[in-house]
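Chemist: So that we are looking at the same thing, I have put the structure below in structure tokens.
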Amino acid sequence: MPFLGQDWRSPGWSWIKTEDGWKRFEYLSHKLGDNINELTLEDHHLRSLTTKLHPLRKALRNRLNWKCVCGVWEVRLDIDKENIYMGDVCEVAAKKRKKDFFNNNTKSQFFFQERLIYVQKESTRERHGYCTLGEAFNRLDFSSAIQDVRRFNYVVKLLQLIAKSQLTSLSGAAQKNYFNVLEKIVKKVLDDHHNPRLIKALLDDLSSTLCILIREVGKCVLIGNINIWVCRLETILNWQQQLNNLQIPKQVSNGMTLSDLPLHMQNNILFKFSDACDIINLGQTTPTLQMLSEDRQLWKKLCLFHFAEKQFCRHLSLSEKGHVDWKLMFFTLQKYYPVKEQYGDTLQFCRHCSILFWNDSGHPCTANDPDSCLTPVSPQHFIDLFKF
């Protein structure tokens with residue numbers, strides 16, 4: 001099939017084969033053709049238009065010809081072999097109704113069958129345009145990802161980074177998806193009481209950003225009405241209030257608990273933690289765990305995991321006895337250097353195909369060894385992929 005279109009850079013038209021030959025296929029017309037209400041509206045409009053043009057038809061008699069083109073009625077007036085089209089108004093009105101019908105029946109949350117996206121940073125003869133952060137956010141189905149415990153922290157961290165620096169770069173549809181995903185996260189935390197600390201930090205950063213944007217309106221570009229952003233800020237403040245009032249009920253269990261385990265097993269569990277806040281919170285539950293959470297070897301292992309040895313010499317912290325205070329050193333180093341991020345599952349980027357996708361969905365890779373081309377994508381790397 002040869003390329004046919006108004007511009008060689010455009011994707012071209014879609015064609016279907018009929019008994020009379022190949023005809024151009026319009027998606028909206030096809031979708032609306034199955035809707036009985038829309039057909040009724042077209043018939044009503046046609047009868048109304050016929051009534052209005054009845055005096056003109058009666059005056060011009062045989063010079064006026066009716067013709068139906070792609071579902072739109074046009075009026076032709078034959079005068080001295082010149083055709084005067086009077087169907088432009090009808091065609092514009094029909095297109096406007098089709099557009100309104102499509103917009104009214106489109107949900108605010110967009111879903112795609114393929115949970116992957118081609119990351120394009122420049123235009124070529126084969127591909128025109130580039131991929132934006134908002135488009136990637138729409139395509140990769142983060143609404144389902146938050147239901148997976150392995151991806152929950154990953155999505156929350158990504159939303160937090162977007163709230164800090166990339167919120168104004170999102171399109172209107174991406175903004176809807178962003179706040180829809182955020183609403184689902186808040187509801188999930190309120191229901192199962194898991195990870196409220198992460199969501200509180202996310203909402204704090206988001207509310208601070210919205211306050212700055214609303215206060216400096218006119219100095220920065222905001223997509224959407226200012227009243228929409230004010231309503232979003234009020235919603236976020238309401239969520240913060242609900243999380244602050246969240247009361248986690250005490251679990252009553254007749255079986256074995258963490259405190260019933262031997263000390264060496266409890267100590268081994270603490271050594272598996274990579275988050276300092278989790279270690280401190282767990283140490284506040286029982287006196288035994290409080291003692292284990294203050295172990296110098298535990299904090300030394302945590303420092304070696306997150307930071308390089310060269311960084312220790314610059315910020316060495318000693319106790320009164322002259323020993324290295326590894327707990328104090330960890331929080332000192334945390335002020336100057338970022339900690340390592342650890343997630344159960346992340347997005348994958350194929351360097352050969354330039355495709356971003358979730359690990360379980362896969363992608364049609366043409367490389368000889370697809371696994372060697374994959375790179376895990378951290379939340380910050382995800383943001384950097386769409387900085388042009």
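Note on naming: chains are A, B, ... as they come in the structure tokens, residues start from 1 per chain, ligands start from 1 in the order shown.
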Please return as a ChimeraX atom specification: the residues of range 163-242 of chain A that backbone DSSP assigns to helix (DSSP H, G or I).
Modeler: /A:163-169,172-192,196-215,226-242
Chemist: Could you turn the residues from that selection into a file that holds C-alpha atoms, as an mmCIF file, in the first residue's frame?
Modeler:
```cif
data_model
loop_
_atom_site.group_PDB
_atom_site.id
_atom_site.type_symbol
_atom_site.label_atom_id
_atom_site.label_comp_id
_atom_site.auth_asym_id
_atom_site.auth_seq_id
_atom_site.Cartn_x
_atom_site.Cartn_y
_atom_site.Cartn_z
ATOM 1 C CA ALA A 163 5.945 16.610 42.371
ATOM 2 C CA LYS A 164 9.253 18.298 43.171
ATOM 3 C CA SER A 165 10.376 19.317 39.691
ATOM 4 C CA GLN A 166 8.274 18.003 36.796
ATOM 5 C CA LEU A 167 4.652 18.662 37.739
ATOM 6 C CA THR A 168 4.211 21.632 35.394
ATOM 7 C CA SER A 169 5.630 19.665 32.440
ATOM 8 C CA GLY A 172 -3.663 17.837 31.071
ATOM 9 C CA ALA A 173 -4.362 14.112 30.573
ATOM 10 C CA ALA A 174 -1.171 13.159 32.419
ATOM 11 C CA GLN A 175 -2.165 15.432 35.319
ATOM 12 C CA LYS A 176 -5.495 13.619 35.591
ATOM 13 C CA ASN A 177 -3.720 10.276 35.636
ATOM 14 C CA TYR A 178 -1.199 11.551 38.187
ATOM 15 C CA PHE A 179 -3.850 12.630 40.696
ATOM 16 C CA ASN A 180 -5.969 9.529 39.994
ATOM 17 C CA VAL A 181 -3.009 7.292 40.857
ATOM 18 C CA LEU A 182 -2.288 9.435 43.914
ATOM 19 C CA GLU A 183 -5.893 9.095 45.079
ATOM 20 C CA LYS A 184 -5.712 5.307 44.758
ATOM 21 C CA ILE A 185 -2.474 5.272 46.758
ATOM 22 C CA VAL A 186 -3.997 7.318 49.582
ATOM 23 C CA LYS A 187 -7.098 5.099 49.700
ATOM 24 C CA LYS A 188 -4.921 1.996 49.754
ATOM 25 C CA VAL A 189 -2.866 3.307 52.686
ATOM 26 C CA LEU A 190 -5.996 4.306 54.609
ATOM 27 C CA ASP A 191 -7.428 0.817 54.106
ATOM 28 C CA ASP A 192 -4.443 -1.457 54.776
ATOM 29 C CA PRO A 196 1.880 5.820 55.719
ATOM 30 C CA ARG A 197 5.277 7.482 56.257
ATOM 31 C CA LEU A 198 6.093 7.386 52.513
ATOM 32 C CA ILE A 199 2.736 8.881 51.543
ATOM 33 C CA LYS A 200 3.023 11.651 54.137
ATOM 34 C CA ALA A 201 6.396 12.667 52.684
ATOM 35 C CA LEU A 202 4.937 12.596 49.155
ATOM 36 C CA LEU A 203 1.954 14.771 50.117
ATOM 37 C CA ASP A 204 4.208 17.218 51.986
ATOM 38 C CA ASP A 205 6.366 17.755 48.892
ATOM 39 C CA LEU A 206 3.327 17.984 46.612
ATOM 40 C CA SER A 207 1.500 20.500 48.814
ATOM 41 C CA SER A 208 4.641 22.669 49.024
ATOM 42 C CA THR A 209 4.963 22.659 45.229
ATOM 43 C CA LEU A 210 1.295 23.537 44.706
ATOM 44 C CA CYS A 211 1.497 26.391 47.225
ATOM 45 C CA ILE A 212 4.443 27.869 45.317
ATOM 46 C CA LEU A 213 2.727 27.456 41.935
ATOM 47 C CA ILE A 214 -0.516 29.047 43.123
ATOM 48 C CA ARG A 215 1.258 31.897 44.892
ATOM 49 C CA ILE A 226 -6.096 28.157 38.571
ATOM 50 C CA ASN A 227 -9.282 27.072 40.364
ATOM 51 C CA ILE A 228 -8.510 23.452 39.460
ATOM 52 C CA TRP A 229 -5.113 23.700 41.133
ATOM 53 C CA VAL A 230 -6.680 25.289 44.219
ATOM 54 C CA CYS A 231 -9.160 22.394 44.449
ATOM 55 C CA ARG A 232 -6.286 19.930 44.110
ATOM 56 C CA LEU A 233 -4.429 21.643 46.941
ATOM 57 C CA GLU A 234 -7.522 21.475 49.155
ATOM 58 C CA THR A 235 -7.850 17.755 48.363
ATOM 59 C CA ILE A 236 -4.215 17.145 49.298
ATOM 60 C CA LEU A 237 -4.641 19.021 52.595
ATOM 61 C CA ASN A 238 -7.683 16.859 53.315
ATOM 62 C CA TRP A 239 -5.659 13.697 52.629
ATOM 63 C CA GLN A 240 -2.916 14.919 54.951
ATOM 64 C CA GLN A 241 -5.470 15.442 57.698
ATOM 65 C CA GLN A 242 -6.838 11.917 57.225
#
```
Chemist: Run DSSP on the backbone and tell me which residues of range 278-387 of chain A come out as strand (DSSP E or B); list them as a list in words.
Modeler: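 After running DSSP on the backbone, range 278-387 of chain A has strand (DSSP E or B) at Leu318, Val324, Leu347, Gln348, Phe349, Cys350, Ile355, Leu356, Phe357, Trp358, Leu374, Thr375, Pro376 and Val377 of chain A.
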Chemist: Which distance in Å separates CA of Phe349 in chain A and CA of Leu374 in chain A, to one decimal?
Modeler: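 Atom-to-atom, CA of Phe349 in chain A to CA of Leu374 in chain A, that is 5.5 Å.
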Chemist: Have a look at CA of Cys350 in chain A and CA of Pro338 in chain A and let me know their distance in Å, one decimal.
Modeler: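 A separation of 26.0 Å between them.
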Chemist: Using only C-alpha atoms, pick whichever of A:Ser372, A:Arg24, A:Leu333, A:Arg296 has the shortest atom-to-atom distance to His352 in chain A.
Modeler: A:Ser372
Chemist: Env of Ala308 in chain A: 10 Å cut, atoms = only C-alpha atoms, seq-sep filter 5 positions within chain, self excluded. Answer as a short mmCIF file (atom, residue, chain, number, x, y, z; two decimals) with N, CA, C and O atoms, in the first residue's frame.
Modeler:
```
data_model
loop_
_atom_site.label_atom_id
_atom_site.label_comp_id
_atom_site.auth_asym_id
_atom_site.auth_seq_id
_atom_site.Cartn_x
_atom_site.Cartn_y
_atom_site.Cartn_z
N CYS A 303 26.08 1.79 56.84
CA CYS A 303 26.93 2.83 56.25
C CYS A 303 27.71 2.29 55.06
O CYS A 303 27.82 2.96 54.01
N CYS A 313 36.00 9.37 55.61
CA CYS A 313 37.10 10.20 56.13
C CYS A 313 36.72 11.67 56.22
O CYS A 313 37.22 12.40 57.09
N TYR A 337 25.20 13.10 51.03
CA TYR A 337 25.21 12.16 49.91
C TYR A 337 23.89 11.40 49.86
O TYR A 337 23.28 11.11 50.90
#
```
Chemist: For each of A:Trp299, A:Phe307, A:Phe331, A:Tyr154, take the minimum atom-to-atom distance to Pro376 in chain A, counting only C-alpha atoms, then give the residue where this is smallest.
Modeler: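 Nearest candidate to Pro376 in chain A out of A:Trp299, A:Phe307, A:Phe331, A:Tyr154: A:Tyr154.
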Chemist: If we count only C-alpha atoms and set the cut-off at 10 Å, which residues sit around Gln380 in chain A, ignoring sequence neighbours fewer than 4 positions away in its own chain? Please answer as a list in words.
Modeler: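 In the requested form, the answer reads Lys157, Leu158, Leu161, Ile162, Asp384 and Leu385 of chain A.
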Chemist: Counting only C-alpha atoms, which residue out of A:Phe142, A:Ile117, A:Leu292, A:Leu246 sits closest to Gln266 in chain A?
Modeler: A:Leu292
Chemist: How far is it from CA of Lys310 in chain A to CA of Leu328 in chain A, in Å with one decimal?
Modeler: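 Computed distance, CA of Lys310 in chain A to CA of Leu328 in chain A, equals 16.9 Å.
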Chemist: Extract, using only C-alpha atoms, all DNA, RNA and protein residues at most 9 Å from Asp325 in chain A, discarding same-chain residues fewer than 4 positions from it, and format them as a PyMOL selection string.
Modeler: chain A and resi 296+299-300+316-319+329-330
Chemist: Could you tell me which of A:Lys272, A:Cys277, A:Leu289, A:Val155 comes closest to Lys301 in chain A if we count only C-alpha atoms?
Modeler: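 For Lys301 in chain A, the nearest of the candidates is A:Lys272.
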Chemist: So, with only C-alpha atoms as the atoms that count, which of A:Leu170, A:Ile383, A:Cys365, A:Val339 lies closest to Asp275 in chain A?
Modeler: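 For Asp275 in chain A, the nearest of the given residues is A:Val339.
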Chemist: Which residues, written as a ChimeraX atom specification, have at least one atom at most 12 Å from Ser259 in chain A, with only C-alpha atoms counted and residues fewer than 5 positions away on the same chain left out?
Modeler: /A:264-267,269,282-283,285-290,292
Chemist: Please save all heavy atoms of the selected residues as a compact mmCIF listing (two decimals), in the first residue's frame.
Modeler:
```txt
# COMPACT_ATOMS: atom_id res chain seq x y z
N HIS A 264 19.08 -14.21 68.08
CA HIS A 264 19.90 -14.19 66.87
C HIS A 264 19.05 -14.11 65.60
O HIS A 264 19.46 -13.54 64.60
CB HIS A 264 20.80 -15.45 66.83
CG HIS A 264 20.07 -16.72 66.58
ND1 HIS A 264 19.42 -17.43 67.57
CD2 HIS A 264 19.87 -17.42 65.42
CE1 HIS A 264 18.87 -18.51 67.06
NE2 HIS A 264 19.11 -18.53 65.75
N MET A 265 17.83 -14.66 65.64
CA MET A 265 16.94 -14.55 64.48
C MET A 265 16.39 -13.13 64.35
O MET A 265 16.28 -12.60 63.23
CB MET A 265 15.80 -15.56 64.62
CG MET A 265 16.26 -17.02 64.58
SD MET A 265 14.89 -18.20 64.58
CE MET A 265 14.16 -17.87 62.98
N GLN A 266 16.04 -12.50 65.46
CA GLN A 266 15.60 -11.11 65.41
C GLN A 266 16.72 -10.20 64.90
O GLN A 266 16.49 -9.28 64.13
CB GLN A 266 15.13 -10.66 66.80
CG GLN A 266 13.93 -11.41 67.33
CD GLN A 266 13.44 -10.86 68.65
OE1 GLN A 266 13.46 -9.65 68.88
NE2 GLN A 266 13.02 -11.75 69.55
N ASN A 267 17.95 -10.50 65.33
CA ASN A 267 19.09 -9.71 64.89
C ASN A 267 19.33 -9.89 63.39
O ASN A 267 19.64 -8.93 62.67
CB ASN A 267 20.33 -10.12 65.69
CG ASN A 267 21.46 -9.12 65.51
OD1 ASN A 267 21.23 -7.92 65.50
ND2 ASN A 267 22.68 -9.62 65.42
N ILE A 269 17.09 -10.51 61.17
CA ILE A 269 16.03 -9.78 60.46
C ILE A 269 16.39 -8.30 60.37
O ILE A 269 16.21 -7.66 59.32
CB ILE A 269 14.68 -9.99 61.17
CG1 ILE A 269 14.22 -11.44 61.04
CG2 ILE A 269 13.62 -9.04 60.61
CD1 ILE A 269 12.97 -11.78 61.81
N LEU A 282 11.18 0.02 64.24
CA LEU A 282 11.06 -1.33 64.79
C LEU A 282 11.66 -1.40 66.19
O LEU A 282 11.15 -2.12 67.06
CB LEU A 282 11.75 -2.33 63.86
CG LEU A 282 11.63 -3.80 64.23
CD1 LEU A 282 10.16 -4.23 64.26
CD2 LEU A 282 12.40 -4.68 63.25
N GLY A 283 12.72 -0.63 66.44
CA GLY A 283 13.33 -0.64 67.76
C GLY A 283 12.46 -0.02 68.83
O GLY A 283 12.69 -0.25 70.04
N THR A 285 9.34 -0.74 69.34
CA THR A 285 8.21 -1.61 69.66
C THR A 285 8.43 -2.36 70.97
O THR A 285 7.53 -2.43 71.82
CB THR A 285 7.98 -2.62 68.51
OG1 THR A 285 9.21 -3.34 68.26
CG2 THR A 285 7.56 -1.89 67.24
N THR A 286 9.62 -2.92 71.17
CA THR A 286 9.91 -3.70 72.38
C THR A 286 11.30 -3.34 72.91
O THR A 286 12.16 -2.89 72.14
CB THR A 286 9.85 -5.22 72.10
OG1 THR A 286 10.87 -5.56 71.15
CG2 THR A 286 8.49 -5.63 71.58
N PRO A 287 11.54 -3.52 74.20
CA PRO A 287 12.89 -3.25 74.74
C PRO A 287 13.97 -4.11 74.10
O PRO A 287 15.11 -3.66 73.92
CB PRO A 287 12.73 -3.56 76.23
CG PRO A 287 11.28 -3.41 76.51
CD PRO A 287 10.57 -3.84 75.27
N THR A 288 13.64 -5.35 73.75
CA THR A 288 14.64 -6.22 73.13
C THR A 288 15.06 -5.69 71.76
O THR A 288 16.26 -5.63 71.44
CB THR A 288 14.08 -7.65 72.99
OG1 THR A 288 13.69 -8.14 74.27
CG2 THR A 288 15.12 -8.57 72.38
N LEU A 289 14.09 -5.31 70.95
CA LEU A 289 14.40 -4.77 69.63
C LEU A 289 15.09 -3.40 69.75
O LEU A 289 15.89 -3.03 68.87
CB LEU A 289 13.12 -4.66 68.80
CG LEU A 289 12.50 -5.99 68.35
CD1 LEU A 289 11.15 -5.75 67.69
CD2 LEU A 289 13.44 -6.72 67.39
N GLN A 290 14.79 -2.67 70.80
CA GLN A 290 15.47 -1.40 71.03
C GLN A 290 16.97 -1.62 71.25
O GLN A 290 17.82 -0.91 70.70
CB GLN A 290 14.86 -0.69 72.25
CG GLN A 290 15.63 0.52 72.74
CD GLN A 290 15.62 1.66 71.75
OE1 GLN A 290 14.69 1.78 70.94
NE2 GLN A 290 16.63 2.51 71.80
N LEU A 292 18.70 -4.28 70.19
CA LEU A 292 19.28 -4.79 68.95
C LEU A 292 19.44 -3.70 67.90
O LEU A 292 20.37 -3.74 67.08
CB LEU A 292 18.42 -5.93 68.39
CG LEU A 292 18.32 -7.20 69.24
CD1 LEU A 292 17.36 -8.18 68.61
CD2 LEU A 292 19.70 -7.83 69.41
```
